[in-house]
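Text of structure.txt (compact mmCIF, C-alpha atoms) as supplied:
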# COMPACT_ATOMS: atom_id res chain seq x y z
CA MET A 1 -64.09 -67.86 -115.87
CA ASN A 2 -66.10 -64.65 -115.78
CA ALA A 3 -68.57 -64.79 -118.70
CA ASP A 4 -67.79 -61.29 -119.91
CA LEU A 5 -64.05 -61.92 -119.70
CA GLU A 6 -64.43 -65.11 -121.74
CA ARG A 7 -66.43 -63.21 -124.34
CA LEU A 8 -63.84 -60.44 -124.41
CA ILE A 9 -61.08 -62.95 -125.15
CA ALA A 10 -63.19 -64.34 -127.99
CA LEU A 11 -63.94 -60.81 -129.21
CA GLN A 12 -60.25 -59.92 -129.24
CA LYS A 13 -59.47 -62.96 -131.37
CA LEU A 14 -62.17 -61.87 -133.83
CA VAL A 15 -60.92 -58.29 -133.88
CA SER A 16 -57.31 -59.36 -134.42
CA ALA A 17 -58.30 -61.76 -137.21
CA ALA A 18 -60.33 -59.01 -138.89
CA GLN A 19 -57.41 -56.58 -138.62
CA THR A 20 -55.11 -59.11 -140.26
CA ALA A 21 -57.59 -59.67 -143.08
CA GLU A 22 -58.15 -55.94 -143.54
CA ARG A 23 -54.42 -55.29 -143.75
CA ARG A 24 -54.15 -58.00 -146.37
CA VAL A 25 -56.96 -56.42 -148.36
CA ALA A 26 -55.35 -52.99 -148.02
CA ASP A 27 -52.06 -54.43 -149.32
CA GLU A 28 -53.63 -55.71 -152.54
CA PRO A 29 -53.08 -52.50 -154.60
CA GLU A 30 -49.41 -52.43 -153.64
CA ARG A 31 -49.00 -56.12 -154.43
CA GLU A 32 -50.56 -55.61 -157.85
CA LYS A 33 -48.42 -52.52 -158.38
CA ALA A 34 -45.34 -54.60 -157.59
CA LEU A 35 -46.43 -57.19 -160.15
CA GLU A 36 -46.84 -54.49 -162.80
CA GLY A 37 -43.40 -53.20 -161.82
CA ARG A 38 -41.92 -56.60 -162.57
CA LEU A 39 -43.56 -56.57 -166.00
CA ASP A 40 -42.39 -53.02 -166.68
CA THR A 41 -38.83 -54.05 -165.85
CA ALA A 42 -39.02 -56.97 -168.28
CA ARG A 43 -40.58 -54.74 -170.95
CA ARG A 44 -37.89 -52.08 -170.53
CA ARG A 45 -35.19 -54.72 -170.78
CA LEU A 46 -36.70 -56.01 -174.03
CA ALA A 47 -37.10 -52.48 -175.40
CA ALA A 48 -33.46 -51.68 -174.57
CA ASP A 49 -32.26 -54.88 -176.27
CA LYS A 50 -34.35 -54.10 -179.36
CA GLU A 51 -32.99 -50.56 -179.44
CA ARG A 52 -29.41 -51.84 -179.33
CA LEU A 53 -30.20 -54.28 -182.13
CA THR A 54 -31.70 -51.47 -184.24
CA GLU A 55 -28.62 -49.32 -183.63
CA ASN A 56 -26.43 -52.23 -184.70
CA GLN A 57 -28.44 -52.76 -187.86
CA ASN A 58 -28.29 -49.06 -188.75
CA ALA A 59 -24.55 -48.98 -188.12
CA ARG A 60 -24.08 -52.10 -190.21
CA ARG A 61 -25.98 -50.55 -193.12
CA GLY A 62 -23.78 -47.47 -192.84
CA VAL A 63 -20.60 -49.55 -192.96
CA GLU A 64 -21.97 -51.59 -195.89
CA LYS A 65 -22.45 -48.30 -197.74
CA ASP A 66 -18.81 -47.49 -197.02
CA VAL A 67 -17.81 -50.87 -198.49
CA ALA A 68 -19.85 -50.16 -201.61
CA MET A 69 -18.28 -46.71 -201.89
CA HIS A 70 -14.75 -48.10 -201.61
CA GLN A 71 -15.59 -50.82 -204.14
CA GLY A 72 -16.77 -48.13 -206.53
CA ARG A 73 -13.60 -46.11 -206.05
CA LEU A 74 -11.48 -49.21 -206.52
CA SER A 75 -13.23 -50.07 -209.80
CA LYS A 76 -12.77 -46.52 -210.99
CA PHE A 77 -9.05 -46.51 -210.19
CA ARG A 78 -8.55 -49.85 -211.93
CA GLU A 79 -10.25 -48.50 -215.06
CA GLN A 80 -8.01 -45.45 -214.91
CA ALA A 81 -4.97 -47.68 -214.53
CA MET A 82 -5.76 -49.18 -217.95
CA SER A 83 -5.42 -45.83 -219.63
CA VAL A 84 -2.37 -44.28 -217.94
CA LYS A 85 0.50 -43.30 -220.25
CA THR A 86 3.40 -42.66 -217.92
CA ASN A 87 5.08 -44.54 -215.09
CA GLN A 88 4.45 -41.59 -212.80
CA GLU A 89 0.74 -41.75 -213.50
CA TYR A 90 0.82 -45.52 -213.09
CA HIS A 91 2.51 -45.35 -209.67
CA ALA A 92 0.12 -42.65 -208.56
CA ILE A 93 -2.94 -44.67 -209.50
CA GLN A 94 -1.47 -47.78 -207.84
CA LYS A 95 -1.20 -45.85 -204.58
CA GLU A 96 -4.82 -44.85 -204.91
CA ILE A 97 -5.78 -48.48 -205.54
CA GLU A 98 -3.80 -49.71 -202.52
CA PHE A 99 -5.37 -47.04 -200.31
CA ALA A 100 -8.88 -47.93 -201.55
CA GLN A 101 -8.20 -51.63 -200.92
CA THR A 102 -7.06 -50.87 -197.36
CA GLU A 103 -10.12 -48.75 -196.71
CA MET A 104 -12.43 -51.39 -198.16
CA LYS A 105 -10.79 -54.13 -196.08
CA ALA A 106 -11.30 -52.06 -192.93
CA ALA A 107 -14.94 -51.49 -193.86
CA GLU A 108 -15.47 -55.20 -194.59
CA ASP A 109 -13.97 -56.06 -191.21
CA ALA A 110 -16.33 -53.56 -189.60
CA VAL A 111 -19.28 -55.18 -191.37
CA LEU A 112 -18.23 -58.60 -190.07
CA GLU A 113 -17.87 -57.19 -186.57
CA LYS A 114 -21.36 -55.69 -186.75
CA MET A 115 -22.74 -58.98 -188.08
CA LEU A 116 -21.29 -60.93 -185.14
CA GLU A 117 -22.47 -58.29 -182.71
CA GLY A 118 -25.88 -58.38 -184.34
CA ASP A 119 -26.11 -62.14 -183.86
CA ASP A 120 -25.46 -61.70 -180.14
CA LEU A 121 -27.98 -58.85 -179.91
CA THR A 122 -30.60 -60.89 -181.77
CA ALA A 123 -30.10 -63.74 -179.31
CA GLY A 124 -30.42 -61.22 -176.47
CA VAL A 125 -33.72 -59.95 -177.85
CA LYS A 126 -35.05 -63.49 -178.09
CA ARG A 127 -34.05 -64.17 -174.49
CA ALA A 128 -35.68 -60.93 -173.35
CA GLU A 129 -38.86 -61.85 -175.23
CA ALA A 130 -38.87 -65.28 -173.57
CA ASP A 131 -38.23 -63.70 -170.17
CA LEU A 132 -41.10 -61.26 -170.67
CA ALA A 133 -43.45 -64.05 -171.72
CA ALA A 134 -42.46 -66.12 -168.68
CA GLU A 135 -42.85 -63.11 -166.36
CA GLN A 136 -46.23 -62.31 -167.86
CA LYS A 137 -47.36 -65.87 -167.18
CA LYS A 138 -46.16 -65.67 -163.56
CA VAL A 139 -47.78 -62.27 -163.03
CA ASP A 140 -51.09 -63.45 -164.48
CA ALA A 141 -51.03 -66.43 -162.12
CA GLU A 142 -50.24 -64.24 -159.13
CA LYS A 143 -52.95 -61.73 -160.06
CA LYS A 144 -55.41 -64.59 -160.27
CA ALA A 145 -54.30 -65.78 -156.83
CA ILE A 146 -54.70 -62.26 -155.43
CA ALA A 147 -58.20 -62.02 -156.89
CA GLY A 148 -59.09 -65.39 -155.37
CA GLU A 149 -57.66 -64.37 -152.03
CA ALA A 150 -59.63 -61.11 -152.16
CA GLY A 151 -62.84 -63.10 -152.44
CA GLU A 152 -61.83 -65.33 -149.55
CA LEU A 153 -60.88 -62.35 -147.40
CA LYS A 154 -64.18 -60.64 -148.10
CA ALA A 155 -66.07 -63.77 -147.08
CA ALA A 156 -63.89 -64.13 -143.98
CA LEU A 157 -64.51 -60.52 -142.96
CA GLU A 158 -68.25 -60.97 -143.35
CA LYS A 159 -68.12 -64.09 -141.19
CA LEU A 160 -65.97 -62.37 -138.57
CA ALA A 161 -68.32 -59.40 -138.50
CA ALA A 162 -71.30 -61.68 -137.90
CA GLU A 163 -69.48 -63.57 -135.14
CA ARG A 164 -68.36 -60.31 -133.56
CA ALA A 165 -71.93 -59.03 -133.56
CA ASP A 166 -73.06 -62.15 -131.71
CA VAL A 167 -70.35 -61.72 -129.07
CA VAL A 168 -71.02 -57.99 -128.69
CA ARG A 169 -74.72 -58.57 -128.13
CA ALA A 170 -73.93 -60.90 -125.24
CA LEU A 171 -71.51 -58.50 -123.52
CA THR A 172 -72.39 -56.21 -120.66
CA PRO A 173 -72.59 -52.68 -122.17
CA GLN A 174 -70.16 -51.21 -119.65
CA VAL A 175 -67.60 -53.97 -120.29
CA LEU A 176 -67.98 -53.53 -124.04
CA ALA A 177 -67.46 -49.78 -123.67
CA THR A 178 -64.25 -50.39 -121.74
CA PHE A 179 -63.01 -52.83 -124.38
CA GLU A 180 -63.73 -50.42 -127.23
CA LEU A 181 -62.12 -47.49 -125.44
CA VAL A 182 -58.90 -49.42 -124.82
CA ALA A 183 -58.95 -50.96 -128.31
CA ASN A 184 -59.22 -47.51 -129.91
CA ARG A 185 -56.22 -46.32 -127.93
CA ARG A 186 -54.13 -49.47 -128.38
CA ASN A 187 -54.40 -50.25 -132.09
CA GLY A 188 -57.25 -52.68 -131.62
CA VAL A 189 -55.58 -54.75 -128.87
CA ALA A 190 -57.57 -54.40 -125.65
CA ILE A 191 -56.81 -57.78 -124.06
CA ALA A 192 -53.53 -59.00 -122.59
CA GLU A 193 -52.45 -62.16 -120.81
CA ALA A 194 -50.87 -61.84 -117.38
CA ARG A 195 -48.06 -64.33 -116.94
CA ASN A 196 -45.53 -64.68 -114.14
CA GLY A 197 -46.77 -61.44 -112.64
CA ILE A 198 -46.17 -59.44 -115.83
CA CYS A 199 -48.43 -57.97 -118.54
CA THR A 200 -47.23 -59.83 -121.62
CA ILE A 201 -47.82 -56.84 -123.91
CA CYS A 202 -46.48 -53.81 -122.06
CA HIS A 203 -44.12 -55.98 -119.94
CA VAL A 204 -44.79 -54.02 -116.77
CA ARG A 205 -44.82 -56.02 -113.53
CA LEU A 206 -48.23 -56.19 -111.89
CA ARG A 207 -48.83 -55.65 -108.22
CA PRO A 208 -48.93 -59.04 -106.44
CA GLN A 209 -52.52 -58.63 -105.24
CA VAL A 210 -53.66 -57.56 -108.70
CA PHE A 211 -51.92 -60.53 -110.30
CA ASN A 212 -53.50 -62.92 -107.77
CA ASN A 213 -56.91 -61.51 -108.61
CA ILE A 214 -56.24 -61.88 -112.34
CA LEU A 215 -55.32 -65.55 -111.85
CA ARG A 216 -58.89 -66.26 -110.76
CA ASN A 217 -60.31 -64.89 -114.07
CA ASP A 218 -63.50 -63.96 -112.23
CA GLN A 219 -63.57 -60.20 -112.82
CA ILE A 220 -62.60 -57.46 -115.25
CA ILE A 221 -59.19 -56.10 -114.27
CA GLN A 222 -57.11 -53.66 -116.26
CA CYS A 223 -53.34 -53.30 -116.41
CA ASP A 224 -52.21 -50.26 -114.41
CA SER A 225 -49.72 -49.40 -117.16
CA CYS A 226 -51.38 -50.00 -120.53
CA ASN A 227 -55.04 -50.29 -119.33
CA ARG A 228 -55.57 -53.49 -121.27
CA ILE A 229 -58.03 -55.98 -119.79
CA MET A 230 -56.10 -58.80 -118.16
CA TYR A 231 -56.68 -62.55 -118.11
CA SER A 232 -54.69 -65.60 -117.09
CA VAL A 233 -54.26 -68.90 -118.89
CA PRO A 234 -54.73 -71.84 -116.47
CA LYS A 235 -51.63 -73.97 -116.10
CA ALA A 236 -53.36 -76.96 -117.65
CA ALA A 237 -53.90 -74.90 -120.82
CA ALA A 238 -50.60 -73.05 -120.75
CA SER A 239 -49.21 -75.13 -123.61
CA ALA A 240 -52.11 -74.14 -125.88
CA PRO A 241 -51.71 -71.12 -128.23
CA ALA A 242 -52.54 -67.82 -126.51
CA PRO A 243 -54.98 -65.33 -128.08
CA ASP A 244 -53.58 -63.16 -130.86
CA ALA A 245 -53.42 -60.16 -128.56
CA THR A 246 -50.29 -61.47 -126.81
CA THR A 247 -48.37 -61.38 -130.07
CA GLN A 248 -49.03 -57.72 -130.73
CA PRO A 249 -46.30 -55.08 -130.28
CA VAL A 250 -46.17 -52.94 -127.16
CA GLN A 251 -48.32 -49.83 -127.47
As structure tokens - that is how I would like this structure written.
Amino acid sequence: MNADLERLIALQKLVSAAQTAERRVADEPEREKALEGRLDTARRRLAADKERLTENQNARRGVEKDVAMHQGRLSKFREQAMSVKTNQEYHAIQKEIEFAQTEMKAAEDAVLEKMLEGDDLTAGVKRAEADLAAEQKKVDAEKKAIAGEAGELKAALEKLAAERADVVRALTPQVLATFELVANRRNGVAIAEARNGICTICHVRLRPQVFNNILRNDQIIQCDSCNRIMYSVPKAAASAPAPDATTQPVQ
């Protein structure tokens, strides 16, 4: 294989690996933002549950005041019943007592309803607190993993940069210039495999003579359509993974 072509294939692998690592690094703020979003959701759920519990407690206190008020009225009417002098007055005060008892019973029922509701809301708050604690633990672990990955990616990028520099130094300047020009125009992918007479990236059929020349891998040949530098994988190595460039989208 042409020495420069072999180096270009190696360079493309390094460039593609660096691009992948750089994208991963660039995604870190969004990943951390998503983690904070998960925590915010859990916090809002807990706050909403606590607010509903507070509303329940306030409503319960209000109904308990109503019970106390009706109890006071009932006691007052019963005292008055002891001092009535006529049947008419007695019947009138009995109606007041019955009405007060009905009102107090309704208020007591409302208190019981609020108590039962409060028990459910209290359980809901406890679940939300447990969910938040569990989510916080998961988020902390994921943030730690992201931080560890960031260190690994930084080290990988430094290593890739050093390896790329070694390959670049060995390349013929004109060949390197061609690679960089195509890479800049094609999202960093300047190399493409030719297979079965077709450029595997732009999928345009190559002229037969051009494809036959590419099969020899002894010169720098560019695709007439996408201008990427072409190479061919020997049949004996066809089952081996192709360089990353062949997996890139058509540009």
Test item: residues at most 10 Å from A:Ala123, all atoms listed in the file, excluding those fewer than 5 positions along its chain, as a list in words: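 Using all atoms listed in the file, the neighbours found are Asp49, Leu53, Glu117, Gly118, Ala128 and Glu129 of chain A.
Among the candidates A:Arg73, A:Arg228, A:Lys154, A:Arg164, the one nearest to A:Arg185 when counting only C-alpha atoms is A:Arg228.
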Per-residue nearest contacts of stretch 122-225 of chain A to stretch 17-28 of chain A (12 Å; all atoms listed in the file) as a Markdown table:
| residue | atom | partner | partner_atom | distance |
| --- | --- | --- | --- | --- |
| A:Glu142 | CA | A:Glu28 | CA | 11.3 |
| A:Lys143 | CA | A:Glu28 | CA | 9.7 |
| A:Lys144 | CA | A:Glu28 | CA | 11.9 |
| A:Ala145 | CA | A:Glu28 | CA | 11.0 |
| A:Ile146 | CA | A:Glu28 | CA | 7.2 |
| A:Ala147 | CA | A:Glu28 | CA | 8.9 |
| A:Gly148 | CA | A:Glu28 | CA | 11.5 |
| A:Glu149 | CA | A:Val25 | CA | 8.8 |
| A:Ala150 | CA | A:Val25 | CA | 6.6 |
| A:Gly151 | CA | A:Val25 | CA | 9.8 |
| A:Glu152 | CA | A:Ala21 | CA | 9.6 |
| A:Leu153 | CA | A:Ala21 | CA | 6.1 |
| A:Lys154 | CA | A:Ala21 | CA | 8.3 |
| A:Ala155 | CA | A:Ala21 | CA | 10.2 |
| A:Ala156 | CA | A:Ala21 | CA | 7.8 |
| A:Leu157 | CA | A:Ala18 | CA | 6.0 |
| A:Glu158 | CA | A:Ala18 | CA | 9.3 |
| A:Lys159 | CA | A:Ala18 | CA | 9.6 |
| A:Leu160 | CA | A:Ala18 | CA | 6.6 |
| A:Ala161 | CA | A:Ala18 | CA | 8.0 |
| A:Ala162 | CA | A:Ala18 | CA | 11.3 |
| A:Glu163 | CA | A:Ala18 | CA | 10.9 |
| A:Arg164 | CA | A:Ala18 | CA | 9.7 |
| A:Ala183 | CA | A:Gln19 | CA | 11.8 |
| A:Asn187 | CA | A:Gln19 | CA | 9.6 |
| A:Gly188 | CA | A:Gln19 | CA | 8.0 |
| A:Val189 | CA | A:Gln19 | CA | 10.1 |
If we count only C-alpha atoms, what is near A:Lys235 at a cut-off of 12 Å, once residues fewer than 6 positions away on the same chain are taken out, given as a VMD selection string? chain A and resid 195 to 196 215 to 216
Output C-alpha atoms for every residue in that selection, as a PDB file, keeping the file's coordinate frame.
ATOM      1  CA  ARG A 195     -48.060 -64.330-116.940  1.00  0.00           C
ATOM      2  CA  ASN A 196     -45.530 -64.680-114.140  1.00  0.00           C
ATOM      3  CA  LEU A 215     -55.320 -65.550-111.850  1.00  0.00           C
ATOM      4  CA  ARG A 216     -58.890 -66.260-110.760  1.00  0.00           C
TER       5      ARG A 216
END
Rank A:Ala192, A:Met69, A:Glu108, A:Glu32 by their smallest atom-to-atom distance to A:Lys13, using all atoms listed in the file, and report the top residue only.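 Selected residue with least distance to A:Lys13: A:Ala192.
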A:Phe77 surroundings by all atoms listed in the file, 10 Å radius, close-in-sequence under 4 positions cut, as a list in words: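 Here the answer would be Gln71, Gly72, Arg73, Ala81, Met82, Ile93, Gln94, Lys95, Glu96, Ile97, Glu98 and Ala100 of chain A.
Ranking A:Asn227, A:Arg127, A:Leu171, A:Phe179 by their shortest atom-to-atom distance to A:Asp4, with all atoms listed in the file included, puts A:Leu171 first.
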Please work out which residues fall within 8 Å of (-59.3, -55.5, -118.8), coordinates as given in the file, with all atoms listed in the file counting, and return them as a ChimeraX atom specification. /A:178-179,190-192,220-223,227-231
Residues near A:Arg7, cut-off 9 Å, only C-alpha atoms, skip fewer than 6 positions along chain, as a list in words: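 My list of contacting residues is Val167, Val168, Ala170 and Leu171 of chain A.
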Please list as a list in words every residue within 10 Å of A:Pro208, counting all atoms listed in the file and excluding residues in the same chain fewer than 6 positions away.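 Residues meeting the cut-off are Gly197, Ile198 and Ile214 of chain A.
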Selected stretch 16-51 of chain A, written as a CSV table (one decimal), in the first residue's frame, N, CA and C atoms:
chain,number,residue,atom,x,y,z
A,16,SER,N,-11.4,10.8,13.6
A,16,SER,CA,-12.7,10.3,13.9
A,16,SER,C,-12.8,10.0,15.4
A,17,ALA,N,-11.8,9.4,16.0
A,17,ALA,CA,-11.8,9.1,17.4
A,17,ALA,C,-11.8,10.4,18.2
A,18,ALA,N,-11.0,11.4,17.8
A,18,ALA,CA,-11.0,12.6,18.5
A,18,ALA,C,-12.3,13.4,18.4
A,19,GLN,N,-13.0,13.3,17.2
A,19,GLN,CA,-14.3,13.9,17.1
A,19,GLN,C,-15.3,13.3,18.0
A,20,THR,N,-15.3,12.0,18.1
A,20,THR,CA,-16.2,11.3,19.0
A,20,THR,C,-15.9,11.7,20.5
A,21,ALA,N,-14.7,11.8,20.9
A,21,ALA,CA,-14.4,12.2,22.2
A,21,ALA,C,-14.7,13.7,22.5
A,22,GLU,N,-14.5,14.5,21.5
A,22,GLU,CA,-14.9,15.9,21.6
A,22,GLU,C,-16.4,16.2,21.8
A,23,ARG,N,-17.1,15.4,21.0
A,23,ARG,CA,-18.6,15.5,21.1
A,23,ARG,C,-19.0,15.0,22.5
A,24,ARG,N,-18.4,14.0,23.0
A,24,ARG,CA,-18.8,13.5,24.3
A,24,ARG,C,-18.5,14.6,25.4
A,25,VAL,N,-17.3,15.2,25.2
A,25,VAL,CA,-17.0,16.3,26.1
A,25,VAL,C,-17.9,17.5,26.0
A,26,ALA,N,-18.3,17.8,24.8
A,26,ALA,CA,-19.2,18.9,24.6
A,26,ALA,C,-20.6,18.6,25.1
A,27,ASP,N,-21.0,17.3,25.2
A,27,ASP,CA,-22.3,16.9,25.7
A,27,ASP,C,-22.4,17.0,27.2
A,28,GLU,N,-21.2,17.1,27.9
A,28,GLU,CA,-21.2,17.0,29.4
A,28,GLU,C,-22.1,18.0,30.0
A,29,PRO,N,-22.1,19.3,29.6
A,29,PRO,CA,-23.0,20.3,30.3
A,29,PRO,C,-24.5,19.9,30.2
A,30,GLU,N,-24.9,19.4,29.0
A,30,GLU,CA,-26.3,19.0,28.8
A,30,GLU,C,-26.6,17.8,29.6
A,31,ARG,N,-25.7,16.9,29.8
A,31,ARG,CA,-25.9,15.7,30.6
A,31,ARG,C,-26.1,16.1,32.0
A,32,GLU,N,-25.2,17.0,32.5
A,32,GLU,CA,-25.3,17.5,33.9
A,32,GLU,C,-26.6,18.3,34.1
A,33,LYS,N,-27.0,19.0,33.1
A,33,LYS,CA,-28.3,19.8,33.1
A,33,LYS,C,-29.4,18.8,33.2
A,34,ALA,N,-29.4,17.7,32.5
A,34,ALA,CA,-30.5,16.8,32.6
A,34,ALA,C,-30.5,16.1,33.9
A,35,LEU,N,-29.4,15.9,34.5
A,35,LEU,CA,-29.4,15.3,35.9
A,35,LEU,C,-30.0,16.3,36.9
A,36,GLU,N,-29.7,17.6,36.8
A,36,GLU,CA,-30.3,18.6,37.7
A,36,GLU,C,-31.8,18.7,37.4
A,37,GLY,N,-32.2,18.5,36.1
A,37,GLY,CA,-33.6,18.5,35.8
A,37,GLY,C,-34.3,17.4,36.5
A,38,ARG,N,-33.7,16.2,36.6
A,38,ARG,CA,-34.3,15.1,37.3
A,38,ARG,C,-34.5,15.4,38.8
A,39,LEU,N,-33.5,16.1,39.4
A,39,LEU,CA,-33.6,16.4,40.8
A,39,LEU,C,-34.6,17.5,41.0
A,40,ASP,N,-34.7,18.5,40.1
A,40,ASP,CA,-35.7,19.5,40.2
A,40,ASP,C,-37.1,18.9,40.2
A,41,THR,N,-37.3,18.0,39.3
A,41,THR,CA,-38.6,17.3,39.2
A,41,THR,C,-39.0,16.6,40.5
A,42,ALA,N,-38.0,15.9,41.1
A,42,ALA,CA,-38.3,15.3,42.4
A,42,ALA,C,-38.5,16.3,43.5
A,43,ARG,N,-37.8,17.4,43.4
A,43,ARG,CA,-38.0,18.4,44.5
A,43,ARG,C,-39.3,19.1,44.3
A,44,ARG,N,-39.7,19.4,43.1
A,44,ARG,CA,-41.1,20.0,42.9
A,44,ARG,C,-42.2,19.1,43.3
A,45,ARG,N,-42.0,17.8,43.1
A,45,ARG,CA,-43.0,16.8,43.5
A,45,ARG,C,-43.1,16.8,45.0
A,46,LEU,N,-42.0,16.8,45.7
A,46,LEU,CA,-42.0,16.9,47.2
A,46,LEU,C,-42.6,18.2,47.7
A,47,ALA,N,-42.3,19.3,47.0
A,47,ALA,CA,-42.8,20.6,47.5
A,47,ALA,C,-44.3,20.6,47.3
A,48,ALA,N,-44.8,20.0,46.2
A,48,ALA,CA,-46.2,20.0,45.9
A,48,ALA,C,-47.0,19.1,46.9
A,49,ASP,N,-46.4,18.0,47.3
A,49,ASP,CA,-47.0,17.1,48.3
A,49,ASP,C,-47.0,17.8,49.6
A,50,LYS,N,-45.9,18.5,50.0
A,50,LYS,CA,-45.9,19.2,51.3
A,50,LYS,C,-46.9,20.3,51.3
A,51,GLU,N,-47.1,21.0,50.2
A,51,GLU,CA,-48.1,22.1,50.1
A,51,GLU,C,-49.5,21.5,50.3
